[in-house]
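Asker: Got target-v5.json for you, JSON, N, CA and C atoms:
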[["chain", "number", "residue", "atom", "x", "y", "z"],
["A", 26, "MET", "N", -36.16, 96.46, 94.18],
["A", 26, "MET", "CA", -36.61, 97.41, 93.17],
["A", 26, "MET", "C", -37.60, 98.42, 93.73],
["A", 27, "ALA", "N", -38.14, 98.17, 94.91],
["A", 27, "ALA", "CA", -39.14, 99.08, 95.47],
["A", 27, "ALA", "C", -38.58, 100.49, 95.63],
["A", 28, "GLU", "N", -37.33, 100.60, 96.04],
["A", 28, "GLU", "CA", -36.71, 101.92, 96.21],
["A", 28, "GLU", "C", -36.56, 102.61, 94.85],
["A", 29, "PHE", "N", -36.19, 101.86, 93.83],
["A", 29, "PHE", "CA", -36.09, 102.41, 92.48],
["A", 29, "PHE", "C", -37.45, 102.92, 92.00],
["A", 30, "VAL", "N", -38.47, 102.09, 92.12],
["A", 30, "VAL", "CA", -39.81, 102.46, 91.66],
["A", 30, "VAL", "C", -40.33, 103.67, 92.44],
["A", 31, "ALA", "N", -40.04, 103.72, 93.74],
["A", 31, "ALA", "CA", -40.50, 104.84, 94.57],
["A", 31, "ALA", "C", -39.87, 106.16, 94.17],
["A", 32, "SER", "N", -38.70, 106.12, 93.53],
["A", 32, "SER", "CA", -38.02, 107.36, 93.14],
["A", 32, "SER", "C", -38.38, 107.82, 91.72],
["A", 33, "LEU", "N", -39.13, 107.01, 90.98],
["A", 33, "LEU", "CA", -39.41, 107.33, 89.57],
["A", 33, "LEU", "C", -40.11, 108.68, 89.38],
["A", 34, "ASP", "N", -41.15, 108.95, 90.13],
["A", 34, "ASP", "CA", -41.89, 110.20, 89.94],
["A", 34, "ASP", "C", -40.99, 111.42, 90.17],
["A", 35, "GLU", "N", -40.19, 111.36, 91.24],
["A", 35, "GLU", "CA", -39.28, 112.47, 91.54],
["A", 35, "GLU", "C", -38.25, 112.67, 90.43],
["A", 36, "ILE", "N", -37.64, 111.60, 89.99],
["A", 36, "ILE", "CA", -36.58, 111.68, 88.99],
["A", 36, "ILE", "C", -37.15, 112.07, 87.63],
["A", 37, "ASN", "N", -38.32, 111.56, 87.28],
["A", 37, "ASN", "CA", -38.94, 111.96, 86.01],
["A", 37, "ASN", "C", -39.35, 113.42, 86.03],
["A", 38, "ALA", "N", -39.86, 113.90, 87.16],
["A", 38, "ALA", "CA", -40.22, 115.32, 87.27],
["A", 38, "ALA", "C", -38.98, 116.19, 87.15],
["A", 39, "LEU", "N", -37.88, 115.74, 87.72],
["A", 39, "LEU", "CA", -36.62, 116.47, 87.59],
["A", 39, "LEU", "C", -36.19, 116.54, 86.12],
["A", 40, "ALA", "N", -36.30, 115.44, 85.42],
["A", 40, "ALA", "CA", -35.95, 115.44, 83.99],
["A", 40, "ALA", "C", -36.82, 116.42, 83.22],
["A", 41, "ASP", "N", -38.11, 116.39, 83.50],
["A", 41, "ASP", "CA", -39.06, 117.25, 82.78],
["A", 41, "ASP", "C", -38.72, 118.73, 82.89],
["A", 42, "THR", "N", -38.06, 119.13, 83.98],
["A", 42, "THR", "CA", -37.74, 120.54, 84.20],
["A", 42, "THR", "C", -36.26, 120.86, 84.04],
["A", 43, "SER", "N", -35.48, 119.89, 83.60],
["A", 43, "SER", "CA", -34.04, 120.09, 83.47],
["A", 43, "SER", "C", -33.69, 120.80, 82.16],
["A", 44, "PRO", "N", -32.64, 121.62, 82.19],
["A", 44, "PRO", "CA", -32.20, 122.29, 80.96],
["A", 44, "PRO", "C", -31.86, 121.27, 79.88],
["A", 45, "GLY", "N", -32.36, 121.51, 78.69],
["A", 45, "GLY", "CA", -32.08, 120.65, 77.55],
["A", 45, "GLY", "C", -33.07, 119.53, 77.32],
["A", 46, "PHE", "N", -33.95, 119.27, 78.29],
["A", 46, "PHE", "CA", -34.93, 118.19, 78.14],
["A", 46, "PHE", "C", -35.94, 118.58, 77.06],
["A", 47, "ILE", "N", -36.24, 117.64, 76.18],
["A", 47, "ILE", "CA", -37.24, 117.87, 75.12],
["A", 47, "ILE", "C", -38.47, 116.98, 75.31],
["A", 48, "TRP", "N", -38.26, 115.68, 75.49],
["A", 48, "TRP", "CA", -39.39, 114.74, 75.52],
["A", 48, "TRP", "C", -38.93, 113.43, 76.13],
["A", 49, "ARG", "N", -39.87, 112.68, 76.73],
["A", 49, "ARG", "CA", -39.59, 111.31, 77.16],
["A", 49, "ARG", "C", -40.81, 110.43, 76.91],
["A", 50, "LEU", "N", -40.54, 109.19, 76.61],
["A", 50, "LEU", "CA", -41.60, 108.21, 76.43],
["A", 50, "LEU", "C", -42.26, 107.96, 77.77],
["A", 51, "GLN", "N", -43.58, 108.01, 77.80],
["A", 51, "GLN", "CA", -44.31, 107.73, 79.03],
["A", 51, "GLN", "C", -45.73, 107.29, 78.71],
["A", 52, "THR", "N", -46.30, 106.58, 79.65],
["A", 52, "THR", "CA", -47.70, 106.16, 79.55],
["A", 52, "THR", "C", -48.54, 107.10, 80.41],
["A", 53, "ASP", "N", -49.79, 106.79, 80.58],
["A", 53, "ASP", "CA", -50.67, 107.59, 81.44],
["A", 53, "ASP", "C", -50.19, 107.61, 82.89],
["A", 54, "LEU", "N", -49.37, 106.63, 83.27],
["A", 54, "LEU", "CA", -48.82, 106.58, 84.62],
["A", 54, "LEU", "C", -47.65, 107.54, 84.80],
["A", 55, "GLY", "N", -47.14, 108.09, 83.71],
["A", 55, "GLY", "CA", -46.04, 109.05, 83.78],
["A", 55, "GLY", "C", -44.66, 108.45, 83.64],
["A", 56, "ASN", "N", -44.58, 107.15, 83.41],
["A", 56, "ASN", "CA", -43.29, 106.51, 83.17],
["A", 56, "ASN", "C", -43.49, 105.36, 82.19],
["A", 57, "THR", "N", -42.48, 104.53, 82.03],
["A", 57, "THR", "CA", -42.60, 103.43, 81.06],
["A", 57, "THR", "C", -42.54, 102.05, 81.71],
["A", 58, "THR", "N", -42.60, 101.99, 83.04],
["A", 58, "THR", "CA", -42.43, 100.69, 83.69],
["A", 58, "THR", "C", -43.56, 99.70, 83.41],
["A", 59, "ASP", "N", -44.71, 100.19, 82.99],
["A", 59, "ASP", "CA", -45.81, 99.26, 82.68],
["A", 59, "ASP", "C", -45.77, 98.77, 81.23],
["A", 60, "LEU", "N", -44.87, 99.30, 80.42],
["A", 60, "LEU", "CA", -44.71, 98.81, 79.05],
["A", 60, "LEU", "C", -43.81, 97.59, 79.08],
["A", 61, "ARG", "N", -44.24, 96.52, 78.47],
["A", 61, "ARG", "CA", -43.48, 95.28, 78.45],
["A", 61, "ARG", "C", -43.41, 94.74, 77.02],
["A", 62, "PRO", "N", -42.54, 95.28, 76.19],
["A", 62, "PRO", "CA", -42.46, 94.81, 74.81],
["A", 62, "PRO", "C", -41.75, 93.46, 74.67],
["A", 63, "TYR", "N", -41.10, 93.00, 75.74],
["A", 63, "TYR", "CA", -40.39, 91.72, 75.71],
["A", 63, "TYR", "C", -41.05, 90.75, 76.68],
["A", 64, "SER", "N", -40.87, 89.48, 76.45],
["A", 64, "SER", "CA", -41.48, 88.48, 77.32],
["A", 64, "SER", "C", -40.78, 88.40, 78.68],
["A", 65, "ASP", "N", -39.59, 88.93, 78.79],
["A", 65, "ASP", "CA", -38.83, 88.92, 80.05],
["A", 65, "ASP", "C", -39.20, 90.16, 80.87],
["A", 66, "ASP", "N", -39.93, 89.98, 81.96],
["A", 66, "ASP", "CA", -40.38, 91.10, 82.79],
["A", 66, "ASP", "C", -39.24, 91.81, 83.53],
["A", 67, "ARG", "N", -38.04, 91.25, 83.49],
["A", 67, "ARG", "CA", -36.91, 91.91, 84.12],
["A", 67, "ARG", "C", -36.34, 93.04, 83.28],
["A", 68, "ILE", "N", -36.81, 93.16, 82.04],
["A", 68, "ILE", "CA", -36.29, 94.18, 81.14],
["A", 68, "ILE", "C", -37.17, 95.43, 81.22],
["A", 69, "LEU", "N", -36.56, 96.52, 81.67],
["A", 69, "LEU", "CA", -37.20, 97.84, 81.68],
["A", 69, "LEU", "C", -36.46, 98.71, 80.68],
["A", 70, "PHE", "N", -37.13, 99.70, 80.16],
["A", 70, "PHE", "CA", -36.44, 100.60, 79.26],
["A", 70, "PHE", "C", -36.92, 102.02, 79.48],
["A", 71, "ASN", "N", -36.13, 102.94, 78.96],
["A", 71, "ASN", "CA", -36.41, 104.35, 79.10],
["A", 71, "ASN", "C", -35.95, 105.04, 77.82],
["A", 72, "LEU", "N", -36.67, 106.05, 77.41],
["A", 72, "LEU", "CA", -36.30, 106.79, 76.21],
["A", 72, "LEU", "C", -36.58, 108.26, 76.45],
["A", 73, "SER", "N", -35.57, 109.07, 76.22],
["A", 73, "SER", "CA", -35.77, 110.52, 76.34],
["A", 73, "SER", "C", -34.95, 111.21, 75.26],
["A", 74, "VAL", "N", -35.34, 112.45, 74.96],
["A", 74, "VAL", "CA", -34.69, 113.25, 73.93],
["A", 74, "VAL", "C", -34.18, 114.54, 74.58],
["A", 75, "TRP", "N", -32.94, 114.88, 74.29],
["A", 75, "TRP", "CA", -32.29, 116.04, 74.89],
["A", 75, "TRP", "C", -31.68, 116.91, 73.80],
["A", 76, "LYS", "N", -31.55, 118.20, 74.07],
["A", 76, "LYS", "CA", -30.98, 119.14, 73.10],
["A", 76, "LYS", "C", -29.51, 118.86, 72.84],
["A", 77, "SER", "N", -28.78, 118.42, 73.87],
["A", 77, "SER", "CA", -27.35, 118.15, 73.67],
["A", 77, "SER", "C", -26.90, 117.04, 74.61],
["A", 78, "LEU", "N", -25.81, 116.42, 74.24],
["A", 78, "LEU", "CA", -25.23, 115.39, 75.07],
["A", 78, "LEU", "C", -24.77, 115.97, 76.40],
["A", 79, "GLU", "N", -24.25, 117.18, 76.39],
["A", 79, "GLU", "CA", -23.78, 117.83, 77.61],
["A", 79, "GLU", "C", -24.92, 118.05, 78.61],
["A", 80, "GLN", "N", -26.08, 118.45, 78.12],
["A", 80, "GLN", "CA", -27.23, 118.66, 79.00],
["A", 80, "GLN", "C", -27.75, 117.34, 79.55],
["A", 81, "LEU", "N", -27.74, 116.30, 78.73],
["A", 81, "LEU", "CA", -28.13, 114.98, 79.20],
["A", 81, "LEU", "C", -27.15, 114.49, 80.27],
["A", 82, "GLN", "N", -25.86, 114.64, 80.03],
["A", 82, "GLN", "CA", -24.85, 114.22, 81.00],
["A", 82, "GLN", "C", -25.00, 114.98, 82.32],
["A", 83, "ALA", "N", -25.29, 116.26, 82.26],
["A", 83, "ALA", "CA", -25.47, 117.05, 83.48],
["A", 83, "ALA", "C", -26.65, 116.50, 84.28],
["A", 84, "TYR", "N", -27.74, 116.19, 83.61],
["A", 84, "TYR", "CA", -28.90, 115.61, 84.29],
["A", 84, "TYR", "C", -28.57, 114.24, 84.89],
["A", 85, "VAL", "N", -27.97, 113.37, 84.10],
["A", 85, "VAL", "CA", -27.74, 111.99, 84.53],
["A", 85, "VAL", "C", -26.76, 111.91, 85.69],
["A", 86, "TYR", "N", -25.68, 112.69, 85.63],
["A", 86, "TYR", "CA", -24.61, 112.51, 86.61],
["A", 86, "TYR", "C", -24.48, 113.61, 87.66],
["A", 87, "LYS", "N", -25.00, 114.81, 87.39],
["A", 87, "LYS", "CA", -24.78, 115.92, 88.31],
["A", 87, "LYS", "C", -26.03, 116.38, 89.05],
["A", 88, "SER", "N", -27.16, 115.79, 88.77],
["A", 88, "SER", "CA", -28.40, 116.13, 89.47],
["A", 88, "SER", "C", -28.73, 115.01, 90.45],
["A", 89, "ALA", "N", -29.89, 115.06, 91.04],
["A", 89, "ALA", "CA", -30.34, 114.00, 91.95],
["A", 89, "ALA", "C", -30.43, 112.65, 91.23],
["A", 90, "HIS", "N", -30.49, 112.66, 89.92],
["A", 90, "HIS", "CA", -30.49, 111.41, 89.16],
["A", 90, "HIS", "C", -29.21, 110.62, 89.42],
["A", 91, "GLY", "N", -28.12, 111.32, 89.69],
["A", 91, "GLY", "CA", -26.85, 110.65, 89.99],
["A", 91, "GLY", "C", -26.96, 109.74, 91.19],
["A", 92, "ARG", "N", -27.75, 110.12, 92.19],
["A", 92, "ARG", "CA", -27.98, 109.27, 93.37],
["A", 92, "ARG", "C", -28.60, 107.94, 92.94],
["A", 93, "VAL", "N", -29.53, 108.00, 92.01],
["A", 93, "VAL", "CA", -30.16, 106.78, 91.50],
["A", 93, "VAL", "C", -29.14, 105.96, 90.70],
["A", 94, "MET", "N", -28.35, 106.63, 89.89],
["A", 94, "MET", "CA", -27.34, 105.92, 89.08],
["A", 94, "MET", "C", -26.35, 105.16, 89.97],
["A", 95, "ARG", "N", -25.96, 105.76, 91.09],
["A", 95, "ARG", "CA", -24.99, 105.12, 91.97],
["A", 95, "ARG", "C", -25.55, 103.86, 92.63],
["A", 96, "LYS", "N", -26.86, 103.74, 92.72],
["A", 96, "LYS", "CA", -27.49, 102.57, 93.35],
["A", 96, "LYS", "C", -27.94, 101.52, 92.34],
["A", 97, "ARG", "N", -27.74, 101.74, 91.07],
["A", 97, "ARG", "CA", -28.31, 100.86, 90.04],
["A", 97, "ARG", "C", -27.89, 99.40, 90.20],
["A", 98, "ARG", "N", -26.70, 99.14, 90.69],
["A", 98, "ARG", "CA", -26.25, 97.75, 90.85],
["A", 98, "ARG", "C", -27.01, 97.02, 91.95],
["A", 99, "GLN", "N", -27.63, 97.77, 92.86],
["A", 99, "GLN", "CA", -28.44, 97.15, 93.90],
["A", 99, "GLN", "C", -29.77, 96.64, 93.34],
["A", 100, "TRP", "N", -30.22, 97.26, 92.27],
["A", 100, "TRP", "CA", -31.55, 96.96, 91.74],
["A", 100, "TRP", "C", -31.54, 96.15, 90.45],
["A", 101, "PHE", "N", -30.47, 96.26, 89.67],
["A", 101, "PHE", "CA", -30.47, 95.67, 88.34],
["A", 101, "PHE", "C", -29.31, 94.72, 88.13],
["A", 102, "GLU", "N", -29.54, 93.72, 87.33],
["A", 102, "GLU", "CA", -28.48, 92.79, 86.92],
["A", 102, "GLU", "C", -27.94, 93.28, 85.58],
["A", 103, "LYS", "N", -26.68, 92.98, 85.34],
["A", 103, "LYS", "CA", -26.08, 93.32, 84.05],
["A", 103, "LYS", "C", -26.70, 92.44, 82.98],
["A", 104, "PHE", "N", -27.10, 93.07, 81.89],
["A", 104, "PHE", "CA", -27.73, 92.34, 80.78],
["A", 104, "PHE", "C", -26.62, 91.75, 79.92],
["A", 105, "VAL", "N", -26.60, 90.44, 79.83],
["A", 105, "VAL", "CA", -25.54, 89.77, 79.08],
["A", 105, "VAL", "C", -26.10, 89.06, 77.89]]
Output the structure of this file as structure tokens.
Answerer:
Amino acid sequence: MAEFVASLDEINALADTSPGFIWRLQTDLGNTTDLRPYSDDRILFNLSVWKSLEQLQAYVYKSAHGRVMRKRRQWFEKFV
């Protein structure tokens, strides 16, 4: 997970300046990884608001965020 955590600032900054971005949940640290609403510390969450689904999809899959998405199986287990 160290590689994932190390990329958070870059990817969040990219979201903040991407077309269609409106808002994202964050703490004083600039992300949500320190929020733990569940007793299972393996559960992370993210929340953002976008003007359109198309703009969100462009950010998620066609920007540098896509590099992170392609590696997600290295860092996360499927929640069952």
Asker: May I have the residues within 12 Å of Glu79 (chain A) as a list in words, using only C-alpha atoms and disregarding those fewer than 6 positions away in the same chain?
Answerer: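 The contact residues come out as Pro44, Gly45, Phe46, Val85, Tyr86 and Lys87 of chain A.
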Asker: Could you work out how far CA of Glu35 (chain A) lies from CA of Ser64 (chain A), giving the answer in Å with one decimal?
Answerer: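 The value is 28.0 Å.
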Asker: Run DSSP on the backbone of this structure and report the residues of chain A it assigns to strand (DSSP E), as a PyMOL selection string.
Answerer: chain A and resi 46-49+73-75
Asker: Write out as a ChimeraX atom specification the set of residues from chain A that DSSP, computed on the backbone, places in helix (DSSP H, G or I).
Answerer: /A:27-41,78-87,90-95,97-100
Asker: Suppose you want the space between atom C of Leu50 (chain A) and atom N of Val105 (chain A); what is it in Å?
Answerer: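 These atoms are spaced 23.6 Å apart.
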Asker: Counting only C-alpha atoms, what is within 12 Å of Ala27 (chain A), bar same-chain residues fewer than 5 positions away, as a list of chain:residue names?
Answerer: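 Skipping anything fewer than 5 positions along the chain leaves A:Ser32, A:Leu33, A:Gln99, A:Trp100, A:Phe101.
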Asker: Enter the distance from atom N of Asp66 (chain A) to CA of Asp53 (chain A), in Å, rounded to one decimal.
Answerer: 20.6 Å
